[in-house]
file query24.cif (mmCIF, C-alpha atoms)
data_input
loop_
_atom_site.group_PDB
_atom_site.id
_atom_site.type_symbol
_atom_site.label_atom_id
_atom_site.label_comp_id
_atom_site.auth_asym_id
_atom_site.auth_seq_id
_atom_site.Cartn_x
_atom_site.Cartn_y
_atom_site.Cartn_z
ATOM 1 C CA MET A 1 -8.578 -7.213 -158.918
ATOM 2 C CA SER A 2 -8.846 -10.403 -156.869
ATOM 3 C CA LEU A 3 -7.046 -9.928 -153.578
ATOM 4 C CA LYS A 4 -5.097 -12.772 -152.025
ATOM 5 C CA LYS A 5 -5.741 -11.213 -148.628
ATOM 6 C CA ARG A 6 -2.162 -10.405 -147.680
ATOM 7 C CA ILE A 7 -1.278 -6.787 -146.893
ATOM 8 C CA ALA A 8 2.238 -5.441 -146.364
ATOM 9 C CA ILE A 9 2.759 -2.409 -144.115
ATOM 10 C CA MET A 10 5.816 -0.168 -144.163
ATOM 11 C CA THR A 11 7.001 3.157 -142.785
ATOM 12 C CA SER A 12 9.299 5.333 -144.888
ATOM 13 C CA GLY A 13 11.325 8.492 -144.414
ATOM 14 C CA GLY A 14 11.785 10.231 -141.077
ATOM 15 C CA ASP A 15 10.186 8.893 -137.925
ATOM 16 C CA VAL A 16 7.353 10.793 -136.255
ATOM 17 C CA PRO A 17 5.204 10.179 -133.173
ATOM 18 C CA GLY A 18 2.010 8.320 -134.092
ATOM 19 C CA LEU A 19 3.451 5.836 -136.565
ATOM 20 C CA ASN A 20 2.869 2.937 -134.220
ATOM 21 C CA ALA A 21 -0.743 3.991 -133.760
ATOM 22 C CA ALA A 22 -1.209 3.822 -137.541
ATOM 23 C CA ILE A 23 0.476 0.407 -137.731
ATOM 24 C CA ARG A 24 -1.715 -0.861 -134.907
ATOM 25 C CA GLY A 25 -4.883 0.500 -136.511
ATOM 26 C CA ALA A 26 -4.040 -1.110 -139.847
ATOM 27 C CA VAL A 27 -3.155 -4.497 -138.355
ATOM 28 C CA ARG A 28 -6.272 -4.607 -136.184
ATOM 29 C CA ALA A 29 -8.457 -3.609 -139.148
ATOM 30 C CA ALA A 30 -6.791 -6.254 -141.311
ATOM 31 C CA ALA A 31 -7.607 -8.881 -138.698
ATOM 32 C CA TYR A 32 -11.223 -7.701 -138.686
ATOM 33 C CA TYR A 33 -11.424 -8.010 -142.474
ATOM 34 C CA GLN A 34 -9.592 -11.367 -142.326
ATOM 35 C CA TYR A 35 -6.464 -10.228 -144.154
ATOM 36 C CA GLU A 36 -3.001 -11.445 -143.292
ATOM 37 C CA THR A 37 -0.489 -8.718 -142.544
ATOM 38 C CA ILE A 38 3.262 -8.620 -142.797
ATOM 39 C CA GLY A 39 5.543 -5.771 -141.869
ATOM 40 C CA ILE A 40 8.374 -4.482 -144.032
ATOM 41 C CA GLN A 41 11.277 -3.416 -141.841
ATOM 42 C CA ARG A 42 13.436 -0.354 -142.642
ATOM 43 C CA GLY A 43 11.264 1.132 -145.387
ATOM 44 C CA TYR A 44 12.166 0.824 -149.049
ATOM 45 C CA ASP A 45 15.660 -0.478 -148.224
ATOM 46 C CA GLY A 46 14.138 -3.255 -146.141
ATOM 47 C CA LEU A 47 11.751 -4.073 -148.963
ATOM 48 C CA ILE A 48 14.657 -4.512 -151.372
ATOM 49 C CA ASP A 49 16.520 -6.681 -148.850
ATOM 50 C CA GLY A 50 13.435 -8.787 -148.090
ATOM 51 C CA HIS A 51 13.137 -7.880 -144.418
ATOM 52 C CA PHE A 52 9.597 -9.055 -143.647
ATOM 53 C CA ILE A 53 7.999 -9.957 -140.325
ATOM 54 C CA LYS A 54 4.590 -11.411 -139.573
ATOM 55 C CA LEU A 55 2.112 -9.109 -137.850
ATOM 56 C CA HIS A 56 -1.109 -9.979 -136.065
ATOM 57 C CA ALA A 57 -3.504 -8.342 -133.649
ATOM 58 C CA GLY A 58 -1.522 -9.451 -130.617
ATOM 59 C CA SER A 59 1.842 -8.290 -131.975
ATOM 60 C CA VAL A 60 0.706 -4.658 -132.009
ATOM 61 C CA SER A 61 -0.538 -4.575 -128.425
ATOM 62 C CA HIS A 62 1.054 -1.948 -126.167
ATOM 63 C CA ILE A 63 2.621 0.108 -128.965
ATOM 64 C CA ILE A 64 0.135 2.970 -129.407
ATOM 65 C CA HIS A 65 1.935 5.143 -126.844
ATOM 66 C CA ARG A 66 5.425 4.571 -128.221
ATOM 67 C CA GLY A 67 7.325 7.040 -130.389
ATOM 68 C CA GLY A 68 9.276 6.034 -133.478
ATOM 69 C CA THR A 69 8.189 2.999 -135.469
ATOM 70 C CA ILE A 70 8.360 -0.684 -134.572
ATOM 71 C CA LEU A 71 9.019 -1.369 -138.264
ATOM 72 C CA GLN A 72 11.947 1.086 -138.398
ATOM 73 C CA SER A 73 12.415 3.354 -141.381
ATOM 74 C CA SER A 74 14.896 4.609 -143.949
ATOM 75 C CA ARG A 75 15.447 6.950 -146.857
ATOM 76 C CA SER A 76 16.419 4.711 -149.743
ATOM 77 C CA GLU A 77 18.711 5.654 -152.608
ATOM 78 C CA ARG A 78 18.474 2.148 -154.059
ATOM 79 C CA PHE A 79 14.734 2.404 -154.634
ATOM 80 C CA LYS A 80 15.403 5.395 -156.878
ATOM 81 C CA THR A 81 17.140 3.052 -159.322
ATOM 82 C CA GLU A 82 15.331 0.785 -161.775
ATOM 83 C CA GLU A 83 17.380 -2.192 -160.600
ATOM 84 C CA GLY A 84 16.494 -1.596 -156.947
ATOM 85 C CA ARG A 85 12.793 -1.286 -157.713
ATOM 86 C CA LYS A 86 12.749 -4.518 -159.727
ATOM 87 C CA ILE A 87 14.182 -6.377 -156.751
ATOM 88 C CA ALA A 88 11.631 -4.727 -154.450
ATOM 89 C CA TYR A 89 8.688 -5.772 -156.642
ATOM 90 C CA GLN A 90 9.986 -9.325 -156.867
ATOM 91 C CA GLN A 91 10.164 -9.465 -153.062
ATOM 92 C CA LEU A 92 6.505 -8.438 -152.861
ATOM 93 C CA ARG A 93 5.491 -11.084 -155.400
ATOM 94 C CA GLU A 94 7.398 -13.799 -153.552
ATOM 95 C CA GLN A 95 5.533 -12.845 -150.386
ATOM 96 C CA ALA A 96 2.208 -12.958 -152.295
ATOM 97 C CA VAL A 97 1.446 -9.391 -151.257
ATOM 98 C CA SER A 98 -1.883 -8.147 -152.560
ATOM 99 C CA ALA A 99 -1.564 -4.526 -151.438
ATOM 100 C CA VAL A 100 0.900 -2.273 -149.659
ATOM 101 C CA ILE A 101 0.109 0.304 -146.982
ATOM 102 C CA LEU A 102 2.847 2.914 -146.966
ATOM 103 C CA ILE A 103 3.079 5.466 -144.169
ATOM 104 C CA GLY A 104 5.240 8.365 -145.272
ATOM 105 C CA GLY A 105 5.671 11.939 -146.430
ATOM 106 C CA ASP A 106 5.940 13.625 -149.808
ATOM 107 C CA GLY A 107 8.956 11.684 -151.090
ATOM 108 C CA SER A 108 7.516 8.403 -149.893
ATOM 109 C CA MET A 109 4.213 9.121 -151.639
ATOM 110 C CA LYS A 110 6.061 9.747 -154.902
ATOM 111 C CA GLY A 111 7.735 6.377 -154.427
ATOM 112 C CA ALA A 112 4.351 4.807 -153.710
ATOM 113 C CA GLN A 113 2.964 6.121 -157.000
ATOM 114 C CA ILE A 114 5.957 4.751 -158.887
ATOM 115 C CA MET A 115 5.525 1.386 -157.154
ATOM 116 C CA ALA A 116 1.841 1.217 -158.028
ATOM 117 C CA ASP A 117 2.513 2.134 -161.679
ATOM 118 C CA GLU A 118 5.430 -0.230 -162.219
ATOM 119 C CA SER A 119 4.540 -3.248 -160.083
ATOM 120 C CA HIS A 120 0.756 -3.120 -160.557
ATOM 121 C CA ILE A 121 0.442 -3.920 -156.847
ATOM 122 C CA PRO A 122 -2.072 -1.541 -155.205
ATOM 123 C CA VAL A 123 -0.654 0.967 -152.735
ATOM 124 C CA ILE A 124 -2.498 2.950 -150.068
ATOM 125 C CA GLY A 125 -0.697 5.924 -148.558
ATOM 126 C CA ILE A 126 -1.021 7.288 -145.033
ATOM 127 C CA PRO A 127 0.365 10.827 -144.509
ATOM 128 C CA LYS A 128 2.976 11.359 -141.835
ATOM 129 C CA THR A 129 5.212 14.389 -141.512
ATOM 130 C CA ILE A 130 5.734 16.796 -138.659
ATOM 131 C CA ASP A 131 5.883 19.568 -141.280
ATOM 132 C CA ASN A 132 2.178 18.978 -142.076
ATOM 133 C CA ASP A 133 2.866 20.025 -145.656
ATOM 134 C CA LEU A 134 0.914 17.424 -147.660
ATOM 135 C CA ASN A 135 -2.329 18.150 -149.443
ATOM 136 C CA GLY A 136 -5.146 15.636 -149.121
ATOM 137 C CA THR A 137 -5.406 15.941 -145.351
ATOM 138 C CA ASP A 138 -5.881 18.715 -142.813
ATOM 139 C CA PHE A 139 -3.285 17.195 -140.506
ATOM 140 C CA SER A 140 -0.588 14.592 -140.962
ATOM 141 C CA ILE A 141 0.552 12.129 -138.317
ATOM 142 C CA GLY A 142 3.252 13.613 -136.063
ATOM 143 C CA PHE A 143 2.409 17.285 -136.509
ATOM 144 C CA ASP A 144 0.410 17.776 -133.320
ATOM 145 C CA THR A 145 3.075 16.148 -131.164
ATOM 146 C CA ALA A 146 5.828 18.223 -132.773
ATOM 147 C CA VAL A 147 3.926 21.438 -132.071
ATOM 148 C CA ASN A 148 3.351 20.448 -128.454
ATOM 149 C CA VAL A 149 7.018 19.513 -127.961
ATOM 150 C CA ALA A 150 8.062 22.863 -129.457
ATOM 151 C CA MET A 151 5.532 24.686 -127.283
ATOM 152 C CA GLU A 152 6.848 23.126 -124.075
ATOM 153 C CA ALA A 153 10.449 23.889 -125.020
ATOM 154 C CA ILE A 154 9.657 27.501 -125.924
ATOM 155 C CA ASP A 155 7.814 27.984 -122.621
ATOM 156 C CA ARG A 156 10.953 26.851 -120.801
ATOM 157 C CA ILE A 157 13.201 29.074 -122.897
ATOM 158 C CA ARG A 158 11.034 32.086 -122.079
ATOM 159 C CA ASP A 159 11.882 31.622 -118.405
ATOM 160 C CA THR A 160 15.546 32.160 -119.252
ATOM 161 C CA ALA A 161 14.728 35.009 -121.624
ATOM 162 C CA LEU A 162 12.817 36.771 -118.849
ATOM 163 C CA SER A 163 15.556 36.190 -116.304
ATOM 164 C CA HIS A 164 18.208 37.763 -118.518
ATOM 165 C CA ASP A 165 16.170 40.342 -120.491
ATOM 166 C CA ARG A 166 17.179 38.567 -123.696
ATOM 167 C CA LEU A 167 15.818 38.035 -127.184
ATOM 168 C CA PHE A 168 15.775 34.331 -128.020
ATOM 169 C CA PHE A 169 15.545 32.800 -131.471
ATOM 170 C CA VAL A 170 14.082 29.300 -131.348
ATOM 171 C CA GLU A 171 14.489 27.292 -134.537
ATOM 172 C CA VAL A 172 11.922 24.602 -135.241
ATOM 173 C CA MET A 173 11.714 22.137 -138.114
ATOM 174 C CA GLY A 174 10.087 23.115 -141.383
ATOM 175 C CA ARG A 175 12.272 22.987 -144.491
ATOM 176 C CA ASN A 176 9.624 24.106 -146.944
ATOM 177 C CA ALA A 177 6.628 24.953 -144.766
ATOM 178 C CA GLY A 178 6.176 26.995 -141.618
ATOM 179 C CA TYR A 179 3.291 25.162 -139.953
ATOM 180 C CA ILE A 180 5.225 24.183 -136.807
ATOM 181 C CA ALA A 181 6.671 27.677 -136.404
ATOM 182 C CA LEU A 182 3.296 29.305 -136.945
ATOM 183 C CA GLU A 183 1.314 27.163 -134.516
ATOM 184 C CA SER A 184 3.971 26.878 -131.795
ATOM 185 C CA GLY A 185 4.607 30.615 -132.083
ATOM 186 C CA ILE A 186 0.934 31.413 -131.645
ATOM 187 C CA ALA A 187 0.606 28.951 -128.755
ATOM 188 C CA THR A 188 3.536 30.471 -126.851
ATOM 189 C CA GLY A 189 2.794 34.127 -127.495
ATOM 190 C CA ALA A 190 5.977 34.632 -129.500
ATOM 191 C CA GLU A 191 6.816 38.200 -130.442
ATOM 192 C CA GLY A 192 7.956 37.073 -133.877
ATOM 193 C CA ILE A 193 7.171 34.149 -136.182
ATOM 194 C CA ILE A 194 9.469 33.687 -139.175
ATOM 195 C CA ILE A 195 8.317 31.257 -141.875
ATOM 196 C CA PRO A 196 9.415 30.480 -145.460
ATOM 197 C CA GLU A 197 6.108 31.449 -147.035
ATOM 198 C CA THR A 198 6.432 35.207 -146.526
ATOM 199 C CA LYS A 199 9.201 37.804 -146.439
ATOM 200 C CA ARG A 200 7.022 40.366 -144.693
ATOM 201 C CA ASP A 201 7.477 38.578 -141.347
ATOM 202 C CA LEU A 202 10.992 39.999 -140.990
ATOM 203 C CA GLN A 203 9.702 43.558 -141.282
ATOM 204 C CA LEU A 204 7.055 42.785 -138.669
ATOM 205 C CA LEU A 205 9.842 41.557 -136.381
ATOM 206 C CA PHE A 206 11.805 44.794 -136.844
ATOM 207 C CA GLU A 207 8.693 46.797 -135.988
ATOM 208 C CA SER A 208 8.084 44.689 -132.877
ATOM 209 C CA ILE A 209 11.662 45.151 -131.675
ATOM 210 C CA GLU A 210 11.458 48.899 -132.258
ATOM 211 C CA ARG A 211 8.379 49.086 -130.044
ATOM 212 C CA LYS A 212 9.861 46.958 -127.268
ATOM 213 C CA LYS A 213 13.629 47.476 -127.327
ATOM 214 C CA ASP A 214 13.507 49.937 -124.425
ATOM 215 C CA TRP A 215 11.331 47.709 -122.267
ATOM 216 C CA LYS A 216 12.905 46.505 -119.042
ATOM 217 C CA ASN A 217 12.448 43.075 -117.483
ATOM 218 C CA SER A 218 10.892 41.747 -120.666
ATOM 219 C CA SER A 219 11.543 38.805 -122.942
ATOM 220 C CA HIS A 220 11.317 38.417 -126.660
ATOM 221 C CA ILE A 221 10.789 35.041 -128.310
ATOM 222 C CA VAL A 222 11.110 34.642 -132.066
ATOM 223 C CA VAL A 223 10.172 31.274 -133.535
ATOM 224 C CA VAL A 224 11.999 30.533 -136.785
ATOM 225 C CA ALA A 225 11.282 27.778 -139.304
ATOM 226 C CA GLU A 226 14.553 26.153 -140.366
ATOM 227 C CA GLY A 227 13.755 26.646 -144.057
ATOM 228 C CA ASP A 228 13.180 30.398 -143.882
ATOM 229 C CA GLU A 229 14.968 32.436 -146.524
ATOM 230 C CA THR A 230 17.003 34.245 -143.826
ATOM 231 C CA GLY A 231 18.962 31.004 -143.370
ATOM 232 C CA GLY A 232 17.619 29.928 -139.983
ATOM 233 C CA ALA A 233 18.003 31.111 -136.413
ATOM 234 C CA TYR A 234 21.759 31.765 -136.366
ATOM 235 C CA ASP A 235 21.694 33.830 -139.547
ATOM 236 C CA LEU A 236 18.682 35.755 -138.275
ATOM 237 C CA GLU A 237 20.525 36.444 -135.015
ATOM 238 C CA LYS A 238 23.383 37.980 -137.039
ATOM 239 C CA ILE A 239 20.925 40.235 -138.845
ATOM 240 C CA ILE A 240 19.408 41.434 -135.557
ATOM 241 C CA ASN A 241 22.792 41.866 -133.861
ATOM 242 C CA HIS A 242 23.946 44.042 -136.747
ATOM 243 C CA LYS A 243 20.786 46.157 -136.729
ATOM 244 C CA TYR A 244 20.379 46.279 -132.925
ATOM 245 C CA PRO A 245 23.842 45.834 -131.353
ATOM 246 C CA ASN A 246 22.611 46.639 -127.845
ATOM 247 C CA ILE A 247 20.122 43.774 -127.692
ATOM 248 C CA HIS A 248 21.314 40.575 -125.996
ATOM 249 C CA THR A 249 20.350 37.509 -128.000
ATOM 250 C CA GLY A 250 20.436 33.730 -127.782
ATOM 251 C CA VAL A 251 19.676 30.833 -130.112
ATOM 252 C CA THR A 252 18.164 27.414 -129.446
ATOM 253 C CA ILE A 253 17.821 24.764 -132.164
ATOM 254 C CA LEU A 254 15.173 22.226 -131.178
ATOM 255 C CA GLY A 255 16.102 19.812 -133.963
ATOM 256 C CA HIS A 256 15.151 16.155 -133.794
ATOM 257 C CA ILE A 257 13.668 16.464 -130.306
ATOM 258 C CA GLN A 258 10.465 17.423 -132.160
ATOM 259 C CA ARG A 259 10.319 14.014 -133.861
ATOM 260 C CA GLY A 260 10.698 11.846 -130.776
ATOM 261 C CA GLY A 261 8.693 10.944 -127.721
ATOM 262 C CA SER A 262 5.255 9.647 -126.971
ATOM 263 C CA PRO A 263 2.550 10.910 -129.370
ATOM 264 C CA THR A 264 -0.204 13.213 -128.178
ATOM 265 C CA ALA A 265 -3.800 12.006 -127.997
ATOM 266 C CA ALA A 266 -4.499 13.762 -131.308
ATOM 267 C CA ASP A 267 -1.720 11.876 -133.107
ATOM 268 C CA ARG A 268 -2.714 8.552 -131.544
ATOM 269 C CA ILE A 269 -6.314 9.025 -132.657
ATOM 270 C CA LEU A 270 -5.407 10.282 -136.137
ATOM 271 C CA GLY A 271 -2.908 7.474 -136.672
ATOM 272 C CA THR A 272 -5.440 4.875 -135.610
ATOM 273 C CA GLN A 273 -8.193 6.325 -137.798
ATOM 274 C CA LEU A 274 -5.988 6.491 -140.883
ATOM 275 C CA GLY A 275 -4.605 2.997 -140.306
ATOM 276 C CA VAL A 276 -8.122 1.586 -140.233
ATOM 277 C CA ALA A 277 -9.163 3.744 -143.210
ATOM 278 C CA ALA A 278 -6.280 2.367 -145.298
ATOM 279 C CA VAL A 279 -7.459 -1.209 -144.823
ATOM 280 C CA GLU A 280 -11.059 -0.225 -145.495
ATOM 281 C CA ALA A 281 -9.927 1.354 -148.772
ATOM 282 C CA ILE A 282 -8.316 -1.947 -149.728
ATOM 283 C CA SER A 283 -11.469 -3.857 -148.802
ATOM 284 C CA ARG A 284 -13.441 -1.586 -151.165
ATOM 285 C CA GLU A 285 -10.767 -1.813 -153.886
ATOM 286 C CA GLN A 286 -10.101 1.917 -153.703
ATOM 287 C CA PHE A 287 -6.470 1.627 -154.721
ATOM 288 C CA ASN A 288 -3.500 3.943 -155.256
ATOM 289 C CA VAL A 289 -4.816 6.697 -153.034
ATOM 290 C CA MET A 290 -3.694 8.433 -149.882
ATOM 291 C CA VAL A 291 -6.190 8.392 -147.036
ATOM 292 C CA GLY A 292 -6.470 11.676 -145.163
ATOM 293 C CA MET A 293 -8.706 13.548 -142.750
ATOM 294 C CA ILE A 294 -10.453 16.660 -144.080
ATOM 295 C CA ASN A 295 -13.110 18.412 -141.980
ATOM 296 C CA HIS A 296 -13.172 15.361 -139.689
ATOM 297 C CA GLN A 297 -14.051 13.065 -142.579
ATOM 298 C CA ILE A 298 -11.906 10.403 -144.239
ATOM 299 C CA ARG A 299 -11.012 11.441 -147.769
ATOM 300 C CA HIS A 300 -9.135 9.667 -150.578
ATOM 301 C CA THR A 301 -6.699 11.570 -152.806
ATOM 302 C CA PRO A 302 -5.009 9.843 -155.770
ATOM 303 C CA LEU A 303 -1.306 9.348 -155.115
ATOM 304 C CA LYS A 304 -0.501 11.159 -158.357
ATOM 305 C CA ASP A 305 -2.151 14.300 -156.968
ATOM 306 C CA ILE A 306 -0.211 14.462 -153.690
ATOM 307 C CA ARG A 307 1.857 17.643 -153.453
ATOM 308 C CA ASN A 308 3.681 19.771 -150.912
ATOM 309 C CA ARG A 309 1.360 22.300 -149.275
ATOM 310 C CA PRO A 310 2.949 25.485 -147.895
ATOM 311 C CA VAL A 311 1.220 27.685 -145.338
ATOM 312 C CA PRO A 312 -1.315 29.786 -147.289
ATOM 313 C CA ILE A 313 -0.351 33.436 -146.914
ATOM 314 C CA ASP A 314 -2.795 36.232 -147.654
ATOM 315 C CA ASN A 315 -3.441 39.715 -146.306
ATOM 316 C CA LYS A 316 -5.558 38.291 -143.488
ATOM 317 C CA THR A 317 -2.682 36.089 -142.322
ATOM 318 C CA ILE A 318 -0.236 38.999 -142.448
ATOM 319 C CA GLU A 319 -2.675 41.152 -140.476
ATOM 320 C CA PHE A 320 -3.002 38.348 -137.930
ATOM 321 C CA LEU A 321 0.781 38.138 -137.487
ATOM 322 C CA LYS A 322 0.972 41.927 -137.197
ATOM 323 C CA ILE A 323 -1.647 41.936 -134.425
ATOM 324 C CA LEU A 324 0.279 39.317 -132.465
ATOM 325 C CA SER A 325 3.554 41.241 -132.745
ATOM 326 C CA GLN A 326 2.185 44.209 -130.757
#
call {"tool": "encode", "arguments": {"input": "query24.cif", "output": "structure tokens"}}
result
Amino acid sequence: MSLKKRIAIMTSGGDVPGLNAAIRGAVRAAAYYQYETIGIQRGYDGLIDGHFIKLHAGSVSHIIHRGGTILQSSRSERFKTEEGRKIAYQQLREQAVSAVILIGGDGSMKGAQIMADESHIPVIGIPKTIDNDLNGTDFSIGFDTAVNVAMEAIDRIRDTALSHDRLFFVEVMGRNAGYIALESGIATGAEGIIIPETKRDLQLLFESIERKKDWKNSSHIVVVAEGDETGGAYDLEKIINHKYPNIHTGVTILGHIQRGGSPTAADRILGTQLGVAAVEAISREQFNVMVGMINHQIRHTPLKDIRNRPVPIDNKTIEFLKILSQ
């Protein structure tokens, strides 16, 4: 394919820390390879409405430390319709776009594959989701910051738990995957980690409470992924209150606080690396792939092969969780 040297960049789905680093990396790489860049504001909805802005190396200065996305984002129902997609593709053609860099999660990558198939305009995906549940990369943009935000919050909650000899349930994001709960729970020394991928974690929690319920001046922290089959932190609290009526409990829902704020160094570096890698893929005509980082190396995975990736659970993982619950 003969490129006209104009790349469009968009962010889609929920915001995460590190998006601006990826935008900056892509725009700076495009300038290096002498491509023009335009930004699509508000994701797929903005594409349909023709909300484009010019981007250049100077316009992305001083954004690497900022949370959110300078291009804004959306979850589009209109792009799911054939009529909406036709309008979107026409907008790209009118802007003489040669390739699209889309920064998004699982749903956005499915949309990217549809766009590439129907419009015949190449699309390069960059993975971002605090859930870290996409294959094709070891880590997605936003995950490290979300874990660190959760860790800091849980550390603060433990102070209250210790002061009042209370068992606290802290709910973190993770609709289908328990990566945030697992890593923040390990990092904070939680007595229980409840994730969607296994039902044995609840039994481990019961065993931990049995061992410690007579302890004095102690705290218990249980980190719960929102998508766990128990129904989340409040439903789990009801289960524990019914089984152990003498234990004082509390619930904290961290919610969208995990998606905001300045990105960590890891997310700034990863975002920058993947932004540059996306433009390099275009320069080499490696189209319709998602760029990811596997074993510290850039890897390309076809968009059609991108899937949700739950936490892998085996006997070793269960044994690990059991050791930590002592």
call {"tool": "closest_atom_pairs", "arguments": {"input": "query24.cif", "of": "stretch 99-162 of chain A", "to": "stretch 35-41 of chain A", "cutoff": "12 Å", "atoms": "all atoms listed in the file", "output": "Markdown table"}}
result
| residue | atom | partner | partner_atom | distance |
| --- | --- | --- | --- | --- |
| A:Ala99 | CA | A:Thr37 | CA | 9.9 |
| A:Val100 | CA | A:Ile40 | CA | 9.6 |
| A:Ile101 | CA | A:Gly39 | CA | 9.6 |
| A:Leu102 | CA | A:Ile40 | CA | 9.7 |
| A:Ile103 | CA | A:Ile40 | CA | 11.3 |
call {"tool": "closest_atom_pairs", "arguments": {"input": "query24.cif", "of": "stretch 205-299 of chain A", "to": "stretch 109-125 of chain A", "cutoff": "8 Å", "atoms": "all atoms listed in the file", "output": "Markdown table"}}
result
| residue | atom | partner | partner_atom | distance |
| --- | --- | --- | --- | --- |
| A:Ala278 | CA | A:Ile124 | CA | 6.1 |
| A:Ala281 | CA | A:Ile124 | CA | 7.7 |
| A:Ile282 | CA | A:Ile124 | CA | 7.6 |
| A:Phe287 | CA | A:Pro122 | CA | 5.4 |
| A:Asn288 | CA | A:Val123 | CA | 4.8 |
| A:Val289 | CA | A:Ile124 | CA | 5.3 |
| A:Met290 | CA | A:Gly125 | CA | 4.1 |
| A:Val291 | CA | A:Gly125 | CA | 6.2 |
call {"tool": "write_last_selection", "arguments": {"input": "query24.cif", "atoms": "C-alpha atoms", "output": "tab-separated table (two decimals), in the coordinates of the input"}}
result
chain	number	residue	atom	x	y	z
A	278	ALA	CA	-6.28	2.37	-145.30
A	281	ALA	CA	-9.93	1.35	-148.77
A	282	ILE	CA	-8.32	-1.95	-149.73
A	287	PHE	CA	-6.47	1.63	-154.72
A	288	ASN	CA	-3.50	3.94	-155.26
A	289	VAL	CA	-4.82	6.70	-153.03
A	290	MET	CA	-3.69	8.43	-149.88
A	291	VAL	CA	-6.19	8.39	-147.04
call {"tool": "atom_distance", "arguments": {"input": "query24.cif", "atom1": "atom CA of A:Ile306", "atom2": "atom CA of A:Thr81"}}
result
21.5 Å
call {"tool": "closest_residue", "arguments": {"input": "query24.cif", "among": "A:Ala88, A:Ile23, A:Val251, A:Ile239", "to": "A:His62", "atoms": "all atoms listed in the file"}}
result
A:Ile23
call {"tool": "atom_distance", "arguments": {"input": "query24.cif", "atom1": "atom CA of A:Leu202", "atom2": "atom CA of A:Leu236"}}
result
9.2 Å
call {"tool": "atom_distance", "arguments": {"input": "query24.cif", "atom1": "atom CA of A:Gly14", "atom2": "atom CA of A:Gly142"}}
result
10.5 Å
call {"tool": "build_atoms", "arguments": {"input": "query24.cif", "residues": "stretch 193-204 of chain A", "atoms": "N, CA and C atoms", "output": "PDB file, in the coordinates of the input"}}
result
ATOM      1  N   ILE A 193       7.292  35.466-135.565  1.00  0.00           N
ATOM      2  CA  ILE A 193       7.171  34.149-136.182  1.00  0.00           C
ATOM      3  C   ILE A 193       7.708  34.291-137.603  1.00  0.00           C
ATOM      4  N   ILE A 194       8.778  33.556-137.899  1.00  0.00           N
ATOM      5  CA  ILE A 194       9.469  33.687-139.175  1.00  0.00           C
ATOM      6  C   ILE A 194       9.308  32.385-139.957  1.00  0.00           C
ATOM      7  N   ILE A 195       8.621  32.452-141.098  1.00  0.00           N
ATOM      8  CA  ILE A 195       8.317  31.257-141.875  1.00  0.00           C
ATOM      9  C   ILE A 195       8.713  31.457-143.333  1.00  0.00           C
ATOM     10  N   PRO A 196       8.939  30.353-144.074  1.00  0.00           N
ATOM     11  CA  PRO A 196       9.415  30.480-145.460  1.00  0.00           C
ATOM     12  C   PRO A 196       8.405  31.104-146.412  1.00  0.00           C
ATOM     13  N   GLU A 197       7.140  31.061-146.078  1.00  0.00           N
ATOM     14  CA  GLU A 197       6.108  31.449-147.035  1.00  0.00           C
ATOM     15  C   GLU A 197       5.964  32.954-147.240  1.00  0.00           C
ATOM     16  N   THR A 198       6.563  33.760-146.367  1.00  0.00           N
ATOM     17  CA  THR A 198       6.432  35.207-146.526  1.00  0.00           C
ATOM     18  C   THR A 198       7.716  35.904-146.104  1.00  0.00           C
ATOM     19  N   LYS A 199       8.049  36.987-146.805  1.00  0.00           N
ATOM     20  CA  LYS A 199       9.201  37.804-146.439  1.00  0.00           C
ATOM     21  C   LYS A 199       8.790  39.001-145.589  1.00  0.00           C
ATOM     22  N   ARG A 200       7.491  39.218-145.467  1.00  0.00           N
ATOM     23  CA  ARG A 200       7.022  40.366-144.693  1.00  0.00           C
ATOM     24  C   ARG A 200       7.167  40.141-143.187  1.00  0.00           C
ATOM     25  N   ASP A 201       7.365  38.859-142.773  1.00  0.00           N
ATOM     26  CA  ASP A 201       7.477  38.578-141.347  1.00  0.00           C
ATOM     27  C   ASP A 201       8.713  39.224-140.735  1.00  0.00           C
ATOM     28  N   LEU A 202       9.782  39.370-141.516  1.00  0.00           N
ATOM     29  CA  LEU A 202      10.992  39.999-140.990  1.00  0.00           C
ATOM     30  C   LEU A 202      10.757  41.477-140.684  1.00  0.00           C
ATOM     31  N   GLN A 203      10.026  42.153-141.542  1.00  0.00           N
ATOM     32  CA  GLN A 203       9.702  43.558-141.282  1.00  0.00           C
ATOM     33  C   GLN A 203       8.823  43.694-140.048  1.00  0.00           C
ATOM     34  N   LEU A 204       7.888  42.774-139.873  1.00  0.00           N
ATOM     35  CA  LEU A 204       7.055  42.785-138.669  1.00  0.00           C
ATOM     36  C   LEU A 204       7.898  42.595-137.414  1.00  0.00           C
TER      37      LEU A 204
END
